[in-house]
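coords.txt follows (compact mmCIF, C-alpha atoms):
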# COMPACT_ATOMS: atom_id res chain seq x y z
CA MET A 1 -11.75 -21.54 47.84
CA LYS A 2 -11.78 -18.08 49.49
CA ALA A 3 -8.19 -17.58 48.39
CA LEU A 4 -9.13 -18.47 44.82
CA ILE A 5 -12.09 -16.07 44.88
CA CYS A 6 -9.85 -13.33 46.29
CA ILE A 7 -7.27 -13.90 43.56
CA PHE A 8 -10.05 -13.88 40.94
CA PHE A 9 -11.36 -10.48 42.06
CA LEU A 10 -7.85 -9.12 42.39
CA SER A 11 -7.18 -10.18 38.82
CA LEU A 12 -10.37 -8.43 37.72
CA GLY A 13 -9.23 -5.29 39.51
CA TYR A 14 -5.81 -5.44 37.93
CA SER A 15 -7.33 -6.03 34.49
CA GLY A 16 -9.63 -3.05 34.94
CA PHE A 17 -6.69 -0.90 36.00
CA ALA A 18 -4.68 -2.01 32.97
CA GLN A 19 -7.54 -1.08 30.65
CA LYS A 20 -7.82 2.36 32.22
CA ARG A 21 -4.08 2.95 32.33
CA GLN A 22 -3.05 6.38 31.19
CA HIS A 23 -0.48 6.14 28.40
CA ILE A 24 0.42 9.84 28.69
CA GLN A 25 2.57 11.65 31.27
CA TYR A 26 3.16 15.40 31.45
CA SER A 27 6.22 17.37 32.48
CA GLY A 28 5.00 20.77 33.64
CA SER A 29 6.25 24.14 32.40
CA SER A 30 7.72 26.82 34.64
CA ASN A 31 7.10 29.52 31.99
CA PHE A 32 3.41 28.88 31.30
CA PRO A 33 1.32 27.66 34.27
CA GLY A 34 -0.70 24.57 33.31
CA ALA A 35 1.35 24.03 30.13
CA SER A 36 3.85 21.24 29.45
CA ASP A 37 7.56 21.41 28.76
CA ALA A 38 7.27 17.87 27.46
CA VAL A 39 4.82 15.00 27.10
CA LEU A 40 5.77 11.33 27.45
CA VAL A 41 3.75 8.66 25.67
CA ASP A 42 3.99 4.87 25.78
CA ASP A 43 4.71 2.72 22.75
CA VAL A 44 1.09 2.68 21.60
CA PRO A 45 -0.70 3.49 18.31
CA LEU A 46 -0.46 7.21 17.53
CA VAL A 47 -2.62 9.11 15.08
CA HIS A 48 -0.85 11.81 13.05
CA THR A 49 -3.18 14.29 11.36
CA THR A 50 -2.81 16.40 8.30
CA GLN A 51 -2.36 20.16 8.65
CA PHE A 52 -5.86 21.47 9.32
CA LEU A 53 -6.98 24.92 8.22
CA PRO A 54 -10.08 26.74 9.57
CA LEU A 55 -12.29 25.38 6.78
CA ASP A 56 -15.83 24.01 6.89
CA LYS A 57 -16.96 20.87 5.06
CA SER A 58 -17.41 22.80 1.82
CA GLY A 59 -13.85 24.11 1.99
CA SER A 60 -14.85 27.68 2.87
CA ILE A 61 -12.93 29.71 5.44
CA VAL A 62 -14.59 30.14 8.83
CA GLY A 63 -14.24 33.27 10.97
CA SER A 64 -12.53 35.55 8.48
CA GLY A 65 -10.18 37.86 10.40
CA ASP A 66 -11.11 36.30 13.77
CA ILE A 67 -8.27 34.29 15.34
CA ASN A 68 -10.51 32.85 18.07
CA ALA A 69 -13.16 31.64 15.61
CA GLN A 70 -10.52 30.16 13.33
CA THR A 71 -8.74 28.40 16.20
CA ASN A 72 -12.07 26.91 17.24
CA GLN A 73 -12.75 25.64 13.71
CA VAL A 74 -9.31 24.05 13.48
CA PHE A 75 -10.00 22.21 16.74
CA LEU A 76 -13.38 21.05 15.41
CA ASN A 77 -11.63 19.61 12.36
CA ILE A 78 -8.93 17.93 14.45
CA THR A 79 -11.58 16.49 16.77
CA SER A 80 -13.47 14.97 13.82
CA ALA A 81 -10.31 13.35 12.51
CA LEU A 82 -9.37 12.02 15.95
CA LYS A 83 -12.83 10.54 16.48
CA GLN A 84 -12.53 8.36 13.39
CA ALA A 85 -9.06 7.37 14.55
CA GLY A 86 -10.32 6.14 17.93
CA SER A 87 -9.02 9.16 19.77
CA LYS A 88 -10.16 12.46 21.24
CA PRO A 89 -8.67 15.84 22.20
CA ASP A 90 -7.58 14.83 25.69
CA GLN A 91 -5.38 12.16 24.07
CA ILE A 92 -3.36 14.71 22.07
CA VAL A 93 0.34 14.65 22.96
CA LYS A 94 1.64 17.24 20.48
CA LEU A 95 0.22 20.20 18.58
CA ASN A 96 2.24 21.84 15.81
CA ILE A 97 0.82 25.31 15.24
CA TYR A 98 1.42 27.48 12.19
CA ILE A 99 0.23 31.06 12.48
CA ARG A 100 0.24 34.00 10.10
CA ASN A 101 1.19 36.59 12.71
CA SER A 102 3.14 35.78 15.88
CA SER A 103 1.42 38.65 17.71
CA GLN A 104 -1.64 36.38 17.94
CA ILE A 105 0.15 33.47 19.62
CA SER A 106 -0.90 34.59 23.12
CA ALA A 107 -4.57 34.49 22.03
CA VAL A 108 -4.06 31.02 20.57
CA ARG A 109 -2.34 29.80 23.75
CA GLU A 110 -5.30 31.03 25.77
CA GLN A 111 -7.69 29.12 23.51
CA ILE A 112 -5.60 25.96 23.84
CA TYR A 113 -5.30 26.13 27.63
CA LYS A 114 -9.08 26.41 27.91
CA ARG A 115 -9.45 23.07 26.12
CA PHE A 116 -7.19 21.02 28.38
CA LYS A 117 -7.06 20.41 32.11
CA SER A 118 -4.31 22.29 33.89
CA GLY A 119 -1.16 20.19 33.88
CA LYS A 120 -2.45 18.02 31.03
CA CYS A 121 -1.72 20.20 28.04
CA PRO A 122 -0.04 18.76 24.93
CA ALA A 123 3.46 19.81 23.96
CA LEU A 124 3.18 22.86 21.69
CA SER A 125 5.34 24.32 18.95
CA PHE A 126 4.76 27.54 17.00
CA VAL A 127 6.09 29.00 13.78
CA ALA A 128 4.79 32.06 11.94
CA GLY A 129 4.54 32.75 8.24
CA ASP A 130 2.30 32.58 5.19
CA LEU A 131 -0.31 29.82 5.06
CA SER A 132 -1.72 27.95 2.07
CA ASN A 133 -5.05 29.80 2.33
CA THR A 134 -4.64 33.57 2.16
CA ASP A 135 -7.65 34.08 4.49
CA ALA A 136 -6.38 31.63 7.13
CA LEU A 137 -4.76 33.00 10.27
CA ILE A 138 -3.85 29.60 11.73
CA SER A 139 -3.41 25.92 10.94
CA MET A 140 -2.42 22.92 13.07
CA ASP A 141 -1.53 19.26 12.94
CA ALA A 142 -1.81 16.93 15.91
CA ILE A 143 -0.37 13.69 17.29
CA ALA A 144 -2.60 11.72 19.66
CA VAL A 145 -2.96 8.30 21.27
CA SER A 146 -5.30 6.05 19.30
CA ALA A 147 -7.40 3.22 20.74
CA LYS A 148 -7.37 1.43 17.39
CA ILE A 149 -4.92 -1.44 17.12
CA ASN A 150 -3.98 -2.45 13.59
CA SER A 151 -1.29 -5.08 13.13
CA LYS A 152 -1.51 -4.78 9.35
CA GLY A 153 0.34 -1.49 9.15
CA VAL A 154 -0.46 2.20 8.74
CA ASN A 155 -4.18 3.00 8.61
CA TYR A 156 -5.19 6.01 6.50
CA LEU A 157 -8.38 7.88 7.37
CA THR A 158 -10.53 10.42 5.52
CA PRO A 159 -13.52 11.53 7.66
CA GLY A 160 -16.53 12.25 5.48
CA ASN A 161 -17.47 15.39 7.40
CA LEU A 162 -14.22 17.19 6.58
CA SER A 163 -13.16 19.09 3.51
CA SER A 164 -10.48 17.11 1.70
CA VAL A 165 -8.85 16.49 -1.64
CA PRO A 166 -9.74 13.05 -3.10
CA GLY A 167 -7.05 10.48 -2.38
CA VAL A 168 -5.42 12.47 0.43
CA ALA A 169 -5.60 11.09 3.98
CA ARG A 170 -6.63 13.48 6.72
CA ALA A 171 -5.05 11.30 9.38
CA ALA A 172 -2.93 8.15 9.65
CA ILE A 173 -2.50 5.76 12.55
CA LEU A 174 1.09 4.78 13.29
CA PRO A 175 1.01 1.27 14.82
CA ALA A 176 2.88 0.57 18.04
CA GLY A 177 6.40 -0.62 17.42
CA PRO A 178 9.37 0.61 15.39
CA VAL A 179 9.15 3.99 13.64
CA VAL A 180 11.63 5.86 11.48
CA TYR A 181 12.20 9.60 11.15
CA VAL A 182 13.78 10.60 7.84
CA SER A 183 15.60 13.93 7.85
CA GLY A 184 14.68 16.58 5.35
CA GLN A 185 15.98 15.81 1.87
CA ALA A 186 16.26 18.24 -1.03
CA VAL A 187 16.92 18.11 -4.74
CA LYS A 188 17.63 21.40 -6.48
CA GLY A 189 15.76 22.77 -9.48
CA GLU A 190 12.47 24.47 -10.27
CA LEU A 191 9.72 23.66 -7.78
CA ALA A 192 8.06 20.85 -9.76
CA GLU A 193 11.37 19.25 -10.69
CA ALA A 194 12.73 19.64 -7.15
CA THR A 195 9.60 18.13 -5.58
CA ARG A 196 9.63 15.17 -7.96
CA GLY A 197 13.34 14.53 -7.46
CA THR A 198 13.10 14.79 -3.68
CA LEU A 199 10.19 12.35 -3.50
CA GLU A 200 12.14 9.88 -5.62
CA GLN A 201 15.15 10.28 -3.34
CA LEU A 202 12.99 9.69 -0.27
CA GLN A 203 11.57 6.57 -1.90
CA ALA A 204 15.11 5.26 -2.41
CA THR A 205 15.75 5.86 1.30
CA LEU A 206 12.62 3.92 2.21
CA VAL A 207 13.63 1.03 -0.04
CA SER A 208 17.04 0.91 1.64
CA LEU A 209 15.20 0.52 4.95
CA GLY A 210 12.97 -2.25 3.60
CA LEU A 211 9.94 0.05 3.59
CA GLU A 212 7.33 1.16 1.06
CA LYS A 213 5.13 4.19 0.38
CA LYS A 214 2.30 2.55 2.33
CA ASP A 215 4.43 2.72 5.48
CA ILE A 216 4.54 6.54 5.46
CA VAL A 217 2.58 8.14 8.30
CA GLN A 218 3.11 11.85 7.59
CA ILE A 219 5.08 14.03 5.17
CA LYS A 220 6.19 17.59 5.91
CA SER A 221 7.39 19.95 3.18
CA PHE A 222 9.33 23.16 3.70
CA MET A 223 8.79 25.18 0.54
CA ARG A 224 8.52 28.52 -1.17
CA PRO A 225 6.47 30.24 -2.24
CA MET A 226 3.36 28.92 -0.51
CA SER A 227 1.31 30.42 -3.34
CA ASP A 228 2.72 27.63 -5.55
CA LEU A 229 1.51 24.81 -3.31
CA LYS A 230 -0.63 23.40 -6.14
CA VAL A 231 2.59 22.63 -8.03
CA VAL A 232 3.77 20.55 -5.08
CA GLU A 233 0.38 18.87 -4.65
CA GLU A 234 0.35 17.84 -8.32
CA GLU A 235 3.74 16.18 -7.94
CA PHE A 236 2.53 14.36 -4.83
CA ALA A 237 -0.58 13.19 -6.71
CA ASN A 238 1.59 11.79 -9.51
CA PHE A 239 4.05 10.18 -7.12
CA PHE A 240 1.33 8.44 -5.09
CA LYS A 241 -0.88 7.67 -8.09
CA GLY A 242 -2.96 4.57 -7.39
CA SER A 243 -2.43 4.81 -3.63
CA THR A 244 -3.44 7.10 -0.76
CA ILE A 245 -1.40 10.24 -0.18
CA PRO A 246 -0.33 10.36 3.50
CA PRO A 247 -1.28 13.33 5.70
CA MET A 248 0.61 16.39 4.49
CA VAL A 249 2.01 19.42 6.34
CA ASN A 250 3.37 22.44 4.47
CA VAL A 251 5.55 25.18 5.95
CA GLU A 252 6.74 28.18 4.00
CA TRP A 253 10.45 28.87 4.38
CA THR A 254 12.63 31.61 2.91
CA SER A 255 15.18 29.40 1.14
CA LYS A 256 15.83 30.29 -2.50
CA ASP A 257 18.00 27.26 -3.21
CA PRO A 258 16.70 24.63 -2.72
CA LEU A 259 13.05 25.63 -3.09
CA ILE A 260 11.73 22.61 -1.21
CA GLU A 261 12.87 20.15 1.46
CA ILE A 262 10.77 17.15 2.48
CA GLU A 263 10.92 14.97 5.59
CA LEU A 264 8.77 12.03 6.63
CA ILE A 265 7.74 9.66 9.40
CA ALA A 266 7.15 5.99 8.63
CA SER A 267 6.24 2.79 10.41
CA SER A 268 9.02 0.20 10.32
CA PRO A 269 7.27 -3.11 11.03
CA ASN A 270 9.94 -5.36 9.54
CA THR A 271 12.54 -4.34 12.13
CA ALA A 272 10.52 -5.32 15.22
CA SER A 273 12.76 -8.28 16.06
CA LYS A 274 15.98 -7.38 14.24
CA SER A 275 17.58 -4.83 16.59
CA ASN A 276 18.47 -5.04 20.26
CA GLN A 277 19.18 -1.31 20.42
CA GLN A 278 16.53 1.14 21.54
CA LEU A 279 17.59 3.51 18.77
CA ASP A 280 19.31 2.99 15.43
CA PHE A 281 21.15 5.83 13.69
CA ILE A 282 21.26 5.08 9.98
CA THR A 283 23.12 6.48 6.98
CA PRO A 284 21.47 5.10 3.82
CA PRO A 285 23.65 3.91 0.92
CA GLY A 286 25.10 6.73 -1.15
CA MET A 287 24.79 9.29 1.65
CA THR A 288 27.49 10.69 3.92
CA ALA A 289 27.17 10.67 7.71
CA SER A 290 27.16 13.99 9.58
CA PRO A 291 28.23 14.60 13.20
CA VAL A 292 25.36 17.06 13.78
CA TYR A 293 22.38 15.24 12.27
CA CYS A 294 21.51 11.72 11.23
CA LYS A 295 19.92 10.92 7.87
CA VAL A 296 17.52 8.42 9.47
CA THR A 297 16.78 7.51 13.07
CA ARG A 298 14.69 4.55 14.16
CA ILE A 299 12.96 3.99 17.48
CA ASN A 300 12.70 0.26 18.10
CA TYR A 301 10.98 0.39 21.47
CA GLY A 302 10.25 2.62 24.47
CA GLN A 303 8.38 5.77 25.45
CA LYS A 304 8.56 8.81 23.19
CA VAL A 305 9.19 12.30 24.58
CA TYR A 306 7.63 15.24 22.71
CA ILE A 307 9.24 18.51 23.79
CA SER A 308 7.46 21.82 23.35
CA GLY A 309 9.13 24.35 21.05
CA LEU A 310 12.18 25.78 22.87
CA TYR A 311 13.28 29.41 22.94
CA GLY A 312 16.36 30.90 24.53
CA GLN A 313 16.94 33.99 26.61
CA ILE A 314 16.72 36.99 24.28
CA SER A 315 19.86 39.09 24.55
CA GLY A 316 20.59 39.99 20.95
CA ASN A 317 23.43 37.48 21.00
CA ALA A 318 23.04 34.24 19.06
CA ASP A 319 25.63 32.43 21.20
CA SER A 320 23.88 33.05 24.51
CA GLU A 321 20.43 32.45 23.04
CA LEU A 322 21.42 29.04 21.70
CA ALA A 323 23.36 28.12 24.85
CA SER A 324 20.30 28.84 26.98
CA ILE A 325 18.12 26.69 24.69
CA PHE A 326 20.44 23.69 24.92
CA ASN A 327 20.80 24.11 28.69
CA LEU A 328 17.01 24.17 29.01
CA MET A 329 16.75 21.15 26.74
CA GLY A 330 19.23 19.30 28.92
CA SER A 331 17.13 19.99 32.03
CA ILE A 332 13.93 18.84 30.32
CA LEU A 333 15.59 15.68 29.06
CA LYS A 334 16.89 14.87 32.55
CA ASN A 335 13.44 15.45 34.08
CA THR A 336 11.85 13.09 31.55
CA GLY A 337 14.42 10.29 31.89
CA SER A 338 16.22 11.02 28.64
CA ASP A 339 19.43 12.71 27.51
CA PHE A 340 21.12 14.16 24.42
CA ARG A 341 22.18 10.68 23.25
CA HIS A 342 18.53 9.65 23.08
CA LEU A 343 17.22 12.44 20.88
CA VAL A 344 15.47 11.19 17.77
CA LYS A 345 14.17 14.08 15.67
CA ALA A 346 14.84 17.83 15.63
CA THR A 347 13.20 20.62 13.68
CA TYR A 348 15.18 23.85 13.80
CA TYR A 349 13.31 27.00 12.82
CA VAL A 350 15.76 29.88 12.31
CA SER A 351 15.06 33.43 11.15
CA ASN A 352 18.55 34.68 10.27
CA ASP A 353 21.97 33.53 9.09
CA ALA A 354 23.71 34.32 12.39
CA HIS A 355 21.59 31.89 14.39
CA SER A 356 21.84 29.29 11.63
CA ALA A 357 25.65 29.45 11.72
CA LYS A 358 25.81 29.35 15.53
CA LEU A 359 23.50 26.33 15.56
CA ASN A 360 26.04 24.47 13.44
CA GLU A 361 28.76 25.44 15.92
CA ILE A 362 26.95 24.47 19.11
CA ARG A 363 25.48 21.11 18.15
CA PRO A 364 28.81 19.20 18.34
CA LYS A 365 29.15 20.34 21.95
CA TYR A 366 25.98 18.47 22.94
CA TYR A 367 25.53 15.64 20.44
CA ASP A 368 27.39 12.36 20.25
CA PRO A 369 28.72 12.47 16.66
CA LEU A 370 27.79 8.81 16.23
CA ARG A 371 24.15 9.37 17.22
CA PRO A 372 22.81 12.87 16.53
CA PRO A 373 19.06 13.20 15.93
CA ALA A 374 17.49 13.25 12.48
CA ALA A 375 16.76 16.87 11.60
CA SER A 376 15.42 19.54 9.30
CA LYS A 377 16.59 23.14 9.49
CA ALA A 378 14.16 25.67 8.04
CA MET A 379 14.87 29.36 7.56
CA VAL A 380 11.53 31.08 8.21
CA LYS A 381 10.21 34.64 8.49
CA ASP A 382 9.33 34.37 12.18
CA VAL A 383 10.09 31.65 14.72
CA GLY A 384 7.07 32.60 16.81
CA LYS A 385 8.54 34.85 19.49
CA PRO A 386 9.47 38.54 19.21
CA GLU A 387 13.22 39.12 18.75
CA ALA A 388 14.00 35.38 18.93
CA GLY A 389 16.22 34.02 16.19
CA ILE A 390 15.59 30.31 16.67
CA SER A 391 13.08 27.78 17.97
CA ILE A 392 13.82 24.08 18.40
CA ASP A 393 11.17 21.35 18.21
CA MET A 394 12.48 18.02 19.53
CA ILE A 395 11.48 14.37 19.97
CA GLY A 396 13.39 11.93 22.16
CA VAL A 397 12.88 8.67 24.04
CA VAL A 398 12.97 7.66 27.69
CA ILE A 399 16.20 5.67 28.26
CA ARG A 400 15.67 1.95 28.62

structure tokens encoding of this file:
Amino acid sequence: MKALICIFFLSLGYSGFAQKRQHIQYSGSSNFPGASDAVLVDDVPLVHTTQFLPLDKSGSIVGSGDINAQTNQVFLNITSALKQAGSKPDQIVKLNIYIRNSSQISAVREQIYKRFKSGKCPALSFVAGDLSNTDALISMDAIAVSAKINSKGVNYLTPGNLSSVPGVARAAILPAGPVVYVSGQAVKGELAEATRGTLEQLQATLVSLGLEKKDIVQIKSFMRPMSDLKVVEEEFANFFKGSTIPPMVNVEWTSKDPLIEIELIASSPNTASKSNQQLDFITPPGMTASPVYCKVTRINYGQKVYISGLYGQISGNADSELASIFNLMGSILKNTGSDFRHLVKATYYVSNDAHSAKLNEIRPKYYDPLRPPAASKAMVKDVGKPEAGISIDMIGVVIR
């Protein structure tokens, strides 16, 4: 009887531990004390937010000209969205930060570090350029662990205390399980025509994967000019007519042809028991495989690794800058139990043609041509660090 009682209490203790288990692990940064080079997260539900601006409920800008006030308002908006999603700020694993002027990044970093315990900071990435609101100095989107479990698919959320456009989700919960990352796709033409054509092309990709619009978790558009965002939003409204528009992120790039490129993340529930591989690297019908990026990657199981935006050693030489980035990436991947063959999604922000060309040259030296990560490459005004020509934002998985 005593043995049974002991086992009973031990089981209670184990159950309590399991409930309190931390799903997030942090890999510390040597460049920024208390920051993270990477964040590892278990295969659990993850909320992906829209791109939040420093707006109040009425849609008015807060803290005009004040980067600290605007950063605070963005965090208030993110916190409201996370609350409805069964999450909170200390569950954030990744923050994507878009800022008008890179000279203010140090002030933003300081604000972020104040909000998180030392050594438990989310992975961060920065890019600078024009924002959709001319009075906004900053915007962000977040990825965080959600306590809500929904076996019925993606859950779209629109908190009532946030400014929003009718029919547009402010956050979406990606269920645990398989997830696909679709590389940026682009159809040429005027902005409206290009947006419409690209969305139709992305839909064809989803259909080839056995997925639907309702499986989309987040859509990111690289476009120009940002002042024409309403044109893009109208095309999205028409495309998703009768259904909820997933959380949207918009980044201004400097490309003149094409004018827009769109990538997406989607839940892939129908593949849960169909693949024994941790990752699948997919070339949809009608597309041609590339040795430096994959059209679609799918995570079937395992921990995700979100790596903070990577910069190289600034020497004025694109070769050495890129080599130092990939060497650093290799070290981070090793420290987190991953490697170059287990990269899933890359976003390359480049500010000049030289770095763009060198990126194309260096990737084959590090990637397995049969399994390169899905990717988008965006030419932008400023990658977020003085004199830098490139920043790399990467997602991988822990090898299993």

*Determine, counting all atoms listed in the file, every residue of protein, DNA or RNA that lies within 9 Å of (23.1, 31.0, 17.3) in the file coordinates, then give the result as a PyMOL selection string.*
chain A and resi 317-323+350+353-362+389-390

*asked:* Please compute the atom CA of Leu343 of chain A-atom CA of Val207 of chain A distance, one decimal, in Å.
replied: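 Answer for the atom CA of Leu343 of chain A to atom CA of Val207 of chain A separation: 24.1 Å.
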
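Here atom CA of Gly34 of chain A is placed at a distance of 28.7 Å from atom CA of Leu131 of chain A.
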
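If you look at atom CA of Val249 of chain A and atom CA of Ser132 of chain A, they are 10.2 Å away from each other.
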
*Using only C-alpha atoms, find the one residue out of A:Leu137, A:Ala388, A:Leu53, A:Ala346 that sits nearest to Ile314 of chain A.*
A:Ala388

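Closest approach to Thr50 of chain A among A:Ser106, A:Asn68, A:Ser146, A:Asn250: A:Asn250, based on only C-alpha atoms.
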
*Which is closer to Ala128 of chain A than all the others in A:Val383, A:Ala144, A:Ile219, A:Val180, using all atoms listed in the file?*
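That would be A:Val383, the residue with the smallest distance to Ala128 of chain A.
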
*Rank A:Ile395, A:Val187, A:Ile262, A:Val251 by their smallest atom-to-atom distance to Met379 of chain A, using only C-alpha atoms, and report the top residue only.*
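Smallest distance to Met379 of chain A is found for A:Val251.
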
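Among the candidates A:Asn276, A:Ser36, A:Gln185, A:Ser125, the residue lying nearest to Gly384 of chain A is A:Ser125 (atoms considered: all atoms listed in the file).
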
*asked:* Env of Ser183 of chain A: 10 Å cut, atoms = only C-alpha atoms, seq-sep filter 2 positions within chain, self excluded. Answer as a ChimeraX atom specification.
replied: /A:180-181,185-186,202,261-265,293-297,345-347,373-377

*At most 6 Å from (-4.0, 32.2, 12.5), file frame, all atoms listed in the file: which residues, as a ChimeraX atom specification?*
/A:67,99-100,136-138

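In terms of minimum interatomic distance to Arg298 of chain A, A:Val179 ranks closest within A:Val179, A:Met248, A:Ile325, A:Ile61, counting all atoms listed in the file.
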
Generate the coordinates of N, CA and C atoms for segment 269-284 of chain A; report them as a short mmCIF file (atom, residue, chain, number, x, y, z; two decimals), in the coordinates of the input.
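As a result, rebuild_27.cif now contains:
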data_model
loop_
_atom_site.label_atom_id
_atom_site.label_comp_id
_atom_site.auth_asym_id
_atom_site.auth_seq_id
_atom_site.Cartn_x
_atom_site.Cartn_y
_atom_site.Cartn_z
N PRO A 269 7.69 -1.84 10.43
CA PRO A 269 7.27 -3.11 11.03
C PRO A 269 8.25 -4.25 10.86
N ASN A 270 9.05 -4.23 9.81
CA ASN A 270 9.94 -5.36 9.54
C ASN A 270 11.15 -5.41 10.45
N THR A 271 11.35 -4.37 11.27
CA THR A 271 12.54 -4.34 12.13
C THR A 271 12.21 -4.68 13.58
N ALA A 272 10.97 -5.11 13.84
CA ALA A 272 10.52 -5.32 15.22
C ALA A 272 11.41 -6.29 15.99
N SER A 273 11.97 -7.28 15.33
CA SER A 273 12.76 -8.28 16.06
C SER A 273 14.22 -8.35 15.58
N LYS A 274 14.65 -7.33 14.84
CA LYS A 274 15.98 -7.38 14.24
C LYS A 274 17.01 -6.52 14.96
N SER A 275 16.61 -5.70 15.92
CA SER A 275 17.58 -4.83 16.59
C SER A 275 17.39 -4.90 18.10
N ASN A 276 18.51 -5.03 18.80
CA ASN A 276 18.47 -5.04 20.26
C ASN A 276 18.64 -3.65 20.83
N GLN A 277 18.98 -2.68 19.97
CA GLN A 277 19.18 -1.31 20.42
C GLN A 277 17.85 -0.57 20.48
N GLN A 278 17.75 0.33 21.46
CA GLN A 278 16.53 1.14 21.54
C GLN A 278 16.42 2.06 20.34
N LEU A 279 17.56 2.62 19.91
CA LEU A 279 17.59 3.51 18.77
C LEU A 279 18.63 3.03 17.77
N ASP A 280 18.33 3.21 16.49
CA ASP A 280 19.31 2.99 15.43
C ASP A 280 19.53 4.31 14.70
N PHE A 281 20.78 4.62 14.42
CA PHE A 281 21.15 5.83 13.69
C PHE A 281 21.73 5.38 12.35
N ILE A 282 21.02 5.72 11.27
CA ILE A 282 21.26 5.08 9.98
C ILE A 282 21.69 6.08 8.91
N THR A 283 22.71 5.72 8.17
CA THR A 283 23.12 6.48 6.98
C THR A 283 22.84 5.61 5.76
N PRO A 284 21.81 5.92 4.98
CA PRO A 284 21.47 5.10 3.82
C PRO A 284 22.60 5.04 2.79
#
